[in-house]
Amino acid sequence: MPIIKDFKTIPELFHIIAVEFGKGKDKPALKYKDKDKWIDIKYDQLYEKTELLACGLASMGVKKDDKVAIISENRPEWVYADMAILGLGAIDVPLYPISTSDSIEFILNNSEAVGIFVSNKFHLNKILKIKDKCKHLKFVIVMNNAEKSPDKGVYSFEDILNMGKEFRKENPGYFKDKSELVEENQLCTIIYTSGTTGEPKGVMLTHKNIVSNIKAAHEIFDIDETDTFLSFLPLCHIFERMAGYYTAFSCGGTIAYAESIEKIASNMLEIRPTIMTAVPRLFERMYTKIKRNIESQSEKKQKIFNWAIETGKEYQLARKSGQPIPVSLTLKHKLADKLVLSKLRERTGGRMRFFISGGAALARELGIFFEAAGILIIEGYGLTESSPVIAANRLNDYKFGTVGKPMPGVEVKIAKDGEILAHGPNIMQGYYKNKKETEETIKDGWLHTGDIGVFDAEGFLIITDRKKHLFKTSQGKYVAPTPIESMFLASKYIEQFVIIGDRRMFITALIVPDFEALKEYADANRIQYKDEKELVKMKQIYELLDKELEQFQKKLSSFEKVRKFTLLDKPFTIEDGELTPSLKVKRKVIEERYRDLIDEMYKGLEG
């Protein structure tokens with residue numbers, strides 16, 4: 001179903017949904033959990049709080065083109081803050097909750113933010129550390145009312161709402177009037193991408209950039225007011241903001257906020273969502289959990305499970321062939337569904353229509369496995385710089401191992417060197433105060449994505465790797481690391497995987513194992529160990545991983561095969577600077593940090 005009514009800006013969308021569509025409706029716009037109970041927020045409550053917040057901000061002097069930052073986990077207050085800021089014609093600057101004080105200081109100063117919303121005391125303390133160094137910052141608003149501090153310029157959410165009530169008495173209709181003045185070519189948001197090197201760059205997106213992507217999403221996805229979204233990816237990331245928030249909102253869907261990543265499994269059972277945006281890691285974890293559970297069952301149950309999955313795969317192939325499905329296969333599939341497949345679907349709440357996956361490559365095998373169970377994962381591709389979706393699979397036209405076809409209104413072409421270039425209304429205006437990077441990224445109106453890819457014979461786009469990640473072995477062979485790494489991540493014993501090989505004779509890897517799976521293996525095989533450090537050094541564990549790698553890399557070319565590896569005793573983290581906030585590996589940091597271990601793997605074997 002299309003959007004409820006046409007709109008050109010996010011404030012216009014807000015008014016259409018919260019006032020026109022939501023009037024007298026009993027269904028919730030948003031849901032969140034508080035003390036083990038799900039709380040509904042109706043449309044009139046959403047509008048009232050947003051209007052008061054906007055009026056409160058106006059009383060603090062916030063006006064058109066001012067920048068106001070938000071650092072918070074997903075919660076209704078994120079939406080209130082976002083819609084209030086944008087409704088005043090101001091620009092919001094979302095930050096990752098895991099951002100360090102140094103990173104926040106750079107972003108607040110670079111964006112010239114006049115204020116910032118923080119969710120709690122933890123984030124407030126980060127701001128108080130750097131507040132004096134942020135010359136444009138005038139106020140801090142704490143969403144958790146009980147956690148504000150007596151420091152000058154710090155207010156609670158409630159304080160601003162009360163100020164908004166007074167302001168609205170004097171200025172009735174102020175919020176609506178200001179919202180109507182917002183134009184589609186105005187800046188909507190500045191989103192700082194951390195990148196894997198250098199200082200963060202502020203991506204400037206207009207209302208038109210984002211709205212064009214929302215409308216394109218509606219052209220290819222059948223979403224309507226009966227849909228319920230479970231939101232857990234950070235709202236500060238444009239993927240969740242555009243797909244799981246604005247797109248869901250624009251068709252009158254309900255958005256429920258997951259308590260945390262750890263609680264997603266239980267939240268899915270409680271909310272029973274119909275659509276979710278996710279990243280491949282969620283599916284890898286779900287798959288590992290399912291496999292681990294099956295392996296603990298009797299041999300008979302394992303055989304039934306494997307038979308059911310194979311039947312599911314066979315049925316899906318027949319369904320997509322366009323030919324009539326044989327009666328025998330239909331009956332076989334019904335039995336498989338009753339015994340196994342329906343139980344897998346129940347783990348997602350039993351109503352899931354489809355998942356939308358982005359942020360990284362989804363292993364083809366995972367897509368096929370979940371499809372066999374009747375759980376469809378639609379993979380797309382994009383960047384913050386493209387608001388974000390450039391290409392996506394369709395519900396009735398998809399191919400695993402690809403990111404689908406270009407979005408409506410977006411042109412995609414492949415440069416001579418294999419780089420993916422994109423052009424359309426969703427392409428950013430540039431990087432804030434960074435002309436040099438802007439000119440290097442947008443040439444003749446075409447966004448140079450930095451990704452390498454190809455179109456297959458049917459027009460599906462396949463991403464092979466990041467341009468800067470491609471490396472050449474000393475034998476002159478080019479290697480794309482990401483697809484190889486993604487393949488190994490399907491192993492239940494592997495949590496993180498980074499391959500090394502630039503200007504080296506052969507490929508090696510740094511592996512962070514799945515410690516839970518390793519411990520289970522060690523306990524089952526009576527391998528004695530004190531801690532994880534000792535466990536990864538054990539010969540039996542190395543041999544286990546060696547066999548696992550051997551199985552996975554059978555299809556790789558000889559120059560792509562991992563010849564040696566080292567097991568690490570702790571994961572790569574954002575806090576240690578080894579991952580970006582969107583969980584992408586900072587290869588240079590890792591190669592530098594683990595140089596001694598890497599050199600050890602090549603010792604005596606390279607001249």
# chains A, B, ... in the order shown; residues from 1 in each chain; ligands from 1
$ select_by_dssp --residues "range 394-499 of chain A" --states "alpha helix (DSSP H)" --output "number ranges by chain"
A: 435-441, 481-488
$ closest_atom_pairs --of "range 170-230 of chain A" --to "range 327-351 of chain A" --cutoff "12 Å" --atoms "only C-alpha atoms" --output "JSON lines"
{"residue": "A:Thr226", "atom": "CA", "partner": "A:Arg351", "partner_atom": "CA", "distance": 11.4}
{"residue": "A:Asp227", "atom": "CA", "partner": "A:Arg351", "partner_atom": "CA", "distance": 9.7}
{"residue": "A:Thr228", "atom": "CA", "partner": "A:Arg351", "partner_atom": "CA", "distance": 9.5}
{"residue": "A:Phe229", "atom": "CA", "partner": "A:Arg351", "partner_atom": "CA", "distance": 11.1}
{"residue": "A:Leu230", "atom": "CA", "partner": "A:Thr348", "partner_atom": "CA", "distance": 10.6}
$ write_last_selection --atoms "C-alpha atoms" --output "mmCIF file, in the first residue's frame"
data_model
loop_
_atom_site.group_PDB
_atom_site.id
_atom_site.type_symbol
_atom_site.label_atom_id
_atom_site.label_comp_id
_atom_site.auth_asym_id
_atom_site.auth_seq_id
_atom_site.Cartn_x
_atom_site.Cartn_y
_atom_site.Cartn_z
ATOM 1 C CA THR A 226 -1.646 -3.171 9.743
ATOM 2 C CA ASP A 227 2.137 -3.670 10.000
ATOM 3 C CA THR A 228 4.050 -3.656 13.277
ATOM 4 C CA PHE A 229 7.779 -2.905 13.245
ATOM 5 C CA LEU A 230 10.180 -3.943 16.029
#
$ closest_residue --among "A:Ile511, A:Val562, A:Phe400, A:Lys539" --to "Ile590 in chain A" --atoms "only C-alpha atoms"
A:Ile511
$ closest_atom_pairs --of "range 355-380 of chain A" --to "range 294-306 of chain A" --cutoff "12 Å" --atoms "only C-alpha atoms" --output "tab-separated table"
residue	atom	partner	partner_atom	distance
A:Phe369	CA	A:Asn306	CA	10.7
A:Ala372	CA	A:Asn306	CA	11.0
A:Ala373	CA	A:Phe305	CA	10.7
$ closest_residue --among "A:Leu86, A:Ile598, A:Val19, A:Ile264" --to "Glu183 in chain A" --atoms "only C-alpha atoms"
A:Leu86
$ residues_around --residues "Met407 in chain A" --least-positions-apart "6" --cutoff "12 Å" --atoms "only C-alpha atoms" --output "list in words"
Ser212, Asn213, Ile214, Lys215, Ala216, Ala217, His218, Glu219, Ile220, Phe221, Gly380, Tyr381, Gly382, Ser386, Ser387, Pro388, Val389, Ile390, Ala391, Ala392, Asn393, Arg394, Ala422, His423, Gly424, Pro425, Asn426, Phe460 and Leu461 of chain A
$ select_by_dssp --residues "range 381-436 of chain A" --states "strand (DSSP E)" --output "list in words"
Tyr381, Gly382, Val389, Ile390, Ala391, Ala392, Lys405, Pro406, Glu411, Val412, Lys413, Ile414, Glu419, Ile420, Leu421, Ala422, His423, Gly430 and Tyr431 of chain A
$ residues_around --residues "Thr277 in chain A" --least-positions-apart "5" --cutoff "10 Å" --atoms "only C-alpha atoms" --output "VMD selection string"
chain A and resid 229 to 233 239 to 240 243 to 245 354 to 358 377 to 379
$ write_last_selection --atoms "N, CA and C atoms" --output "PDB file, in the first residue's frame"
ATOM      1  N   PHE A 229       6.324  -2.851  13.368  1.00  0.00           N
ATOM      2  CA  PHE A 229       7.779  -2.905  13.245  1.00  0.00           C
ATOM      3  C   PHE A 229       8.397  -3.032  14.637  1.00  0.00           C
ATOM      4  N   LEU A 230       9.398  -3.895  14.788  1.00  0.00           N
ATOM      5  CA  LEU A 230      10.180  -3.943  16.029  1.00  0.00           C
ATOM      6  C   LEU A 230      11.512  -3.281  15.717  1.00  0.00           C
ATOM      7  N   SER A 231      11.805  -2.197  16.413  1.00  0.00           N
ATOM      8  CA  SER A 231      12.986  -1.384  16.109  1.00  0.00           C
ATOM      9  C   SER A 231      14.095  -1.610  17.121  1.00  0.00           C
ATOM     10  N   PHE A 232      15.271  -2.038  16.619  1.00  0.00           N
ATOM     11  CA  PHE A 232      16.409  -2.195  17.521  1.00  0.00           C
ATOM     12  C   PHE A 232      17.702  -1.609  16.968  1.00  0.00           C
ATOM     13  N   LEU A 233      17.809  -1.442  15.635  1.00  0.00           N
ATOM     14  CA  LEU A 233      19.002  -0.805  15.071  1.00  0.00           C
ATOM     15  C   LEU A 233      18.993   0.661  15.491  1.00  0.00           C
ATOM     16  N   PHE A 239      19.814   4.108   8.069  1.00  0.00           N
ATOM     17  CA  PHE A 239      19.068   2.921   7.628  1.00  0.00           C
ATOM     18  C   PHE A 239      17.827   2.715   8.495  1.00  0.00           C
ATOM     19  N   GLU A 240      18.000   2.684   9.816  1.00  0.00           N
ATOM     20  CA  GLU A 240      16.849   2.505  10.706  1.00  0.00           C
ATOM     21  C   GLU A 240      15.937   3.723  10.662  1.00  0.00           C
ATOM     22  N   ALA A 243      14.128   3.561   7.061  1.00  0.00           N
ATOM     23  CA  ALA A 243      13.301   2.373   6.813  1.00  0.00           C
ATOM     24  C   ALA A 243      12.416   1.978   7.992  1.00  0.00           C
ATOM     25  N   GLY A 244      13.005   1.940   9.191  1.00  0.00           N
ATOM     26  CA  GLY A 244      12.262   1.453  10.345  1.00  0.00           C
ATOM     27  C   GLY A 244      11.491   2.520  11.106  1.00  0.00           C
ATOM     28  N   TYR A 245      11.643   3.776  10.695  1.00  0.00           N
ATOM     29  CA  TYR A 245      10.978   4.884  11.399  1.00  0.00           C
ATOM     30  C   TYR A 245      10.127   5.680  10.411  1.00  0.00           C
ATOM     31  N   PHE A 354       8.444 -10.204   6.466  1.00  0.00           N
ATOM     32  CA  PHE A 354       9.804 -10.202   5.925  1.00  0.00           C
ATOM     33  C   PHE A 354      10.723  -9.344   6.794  1.00  0.00           C
ATOM     34  N   PHE A 355      12.005  -9.666   6.716  1.00  0.00           N
ATOM     35  CA  PHE A 355      13.061  -8.849   7.313  1.00  0.00           C
ATOM     36  C   PHE A 355      13.701  -8.030   6.194  1.00  0.00           C
ATOM     37  N   ILE A 356      14.192  -6.838   6.519  1.00  0.00           N
ATOM     38  CA  ILE A 356      14.993  -6.067   5.564  1.00  0.00           C
ATOM     39  C   ILE A 356      16.395  -6.020   6.139  1.00  0.00           C
ATOM     40  N   SER A 357      17.365  -6.525   5.391  1.00  0.00           N
ATOM     41  CA  SER A 357      18.742  -6.602   5.884  1.00  0.00           C
ATOM     42  C   SER A 357      19.635  -5.606   5.150  1.00  0.00           C
ATOM     43  N   GLY A 358      20.470  -4.927   5.916  1.00  0.00           N
ATOM     44  CA  GLY A 358      21.408  -3.969   5.321  1.00  0.00           C
ATOM     45  C   GLY A 358      22.627  -3.822   6.204  1.00  0.00           C
ATOM     46  N   ILE A 377      14.211 -12.885   3.968  1.00  0.00           N
ATOM     47  CA  ILE A 377      15.135 -11.778   4.260  1.00  0.00           C
ATOM     48  C   ILE A 377      15.405 -11.048   2.946  1.00  0.00           C
ATOM     49  N   ILE A 378      14.997  -9.794   2.890  1.00  0.00           N
ATOM     50  CA  ILE A 378      15.195  -8.967   1.708  1.00  0.00           C
ATOM     51  C   ILE A 378      16.441  -8.109   1.935  1.00  0.00           C
ATOM     52  N   GLU A 379      17.452  -8.317   1.107  1.00  0.00           N
ATOM     53  CA  GLU A 379      18.704  -7.567   1.288  1.00  0.00           C
ATOM     54  C   GLU A 379      18.746  -6.343   0.386  1.00  0.00           C
TER      55      GLU A 379
END
$ closest_atom_pairs --of "range 98-190 of chain A" --to "range 40-50 of chain A" --cutoff "10 Å" --atoms "only C-alpha atoms" --output "tab-separated table"
residue	atom	partner	partner_atom	distance
A:Leu161	CA	A:Lys49	CA	7.3
A:Gly164	CA	A:Lys49	CA	9.3
A:Lys165	CA	A:Lys49	CA	10.0
A:Phe175	CA	A:Thr50	CA	9.1
$ closest_residue --among "A:Ala308, A:Ile223, A:Met268, A:Leu88" --to "Glu180 in chain A" --atoms "only C-alpha atoms"
A:Leu88
$ residues_around --residues "Met286 in chain A" --least-positions-apart "5" --cutoff "9 Å" --atoms "only C-alpha atoms" --output "number ranges by chain"
A: 265, 281, 291
$ closest_residue --among "A:Val536, A:Ile309, A:Ala360, A:Ile427" --to "Gly374 in chain A" --atoms "only C-alpha atoms"
A:Ile309
$ residues_around --residues "range 581-587 of chain A" --least-positions-apart "5" --cutoff "10 Å" --atoms "only C-alpha atoms" --output "list in words"
Leu95, Tyr96, Pro97, Ile98, Ser99, Thr193, Ser194, Gly195, Thr196, Thr197, Leu233, Pro234, His237, Val279, Arg281, Gly359, Ala360, His469, Gln496, Phe497, Val498, Ile499, Ile500, Phe572, Thr573, Ile574, Glu575, Glu592 and Arg593 of chain A
$ closest_residue --among "A:Asp132, A:Met428, A:Ser103, A:Lys468" --to "Thr580 in chain A" --atoms "only C-alpha atoms"
A:Ser103
$ closest_residue --among "A:Met143, A:Asp26, A:Gly115, A:Arg168" --to "Cys55 in chain A" --atoms "only C-alpha atoms"
A:Arg168
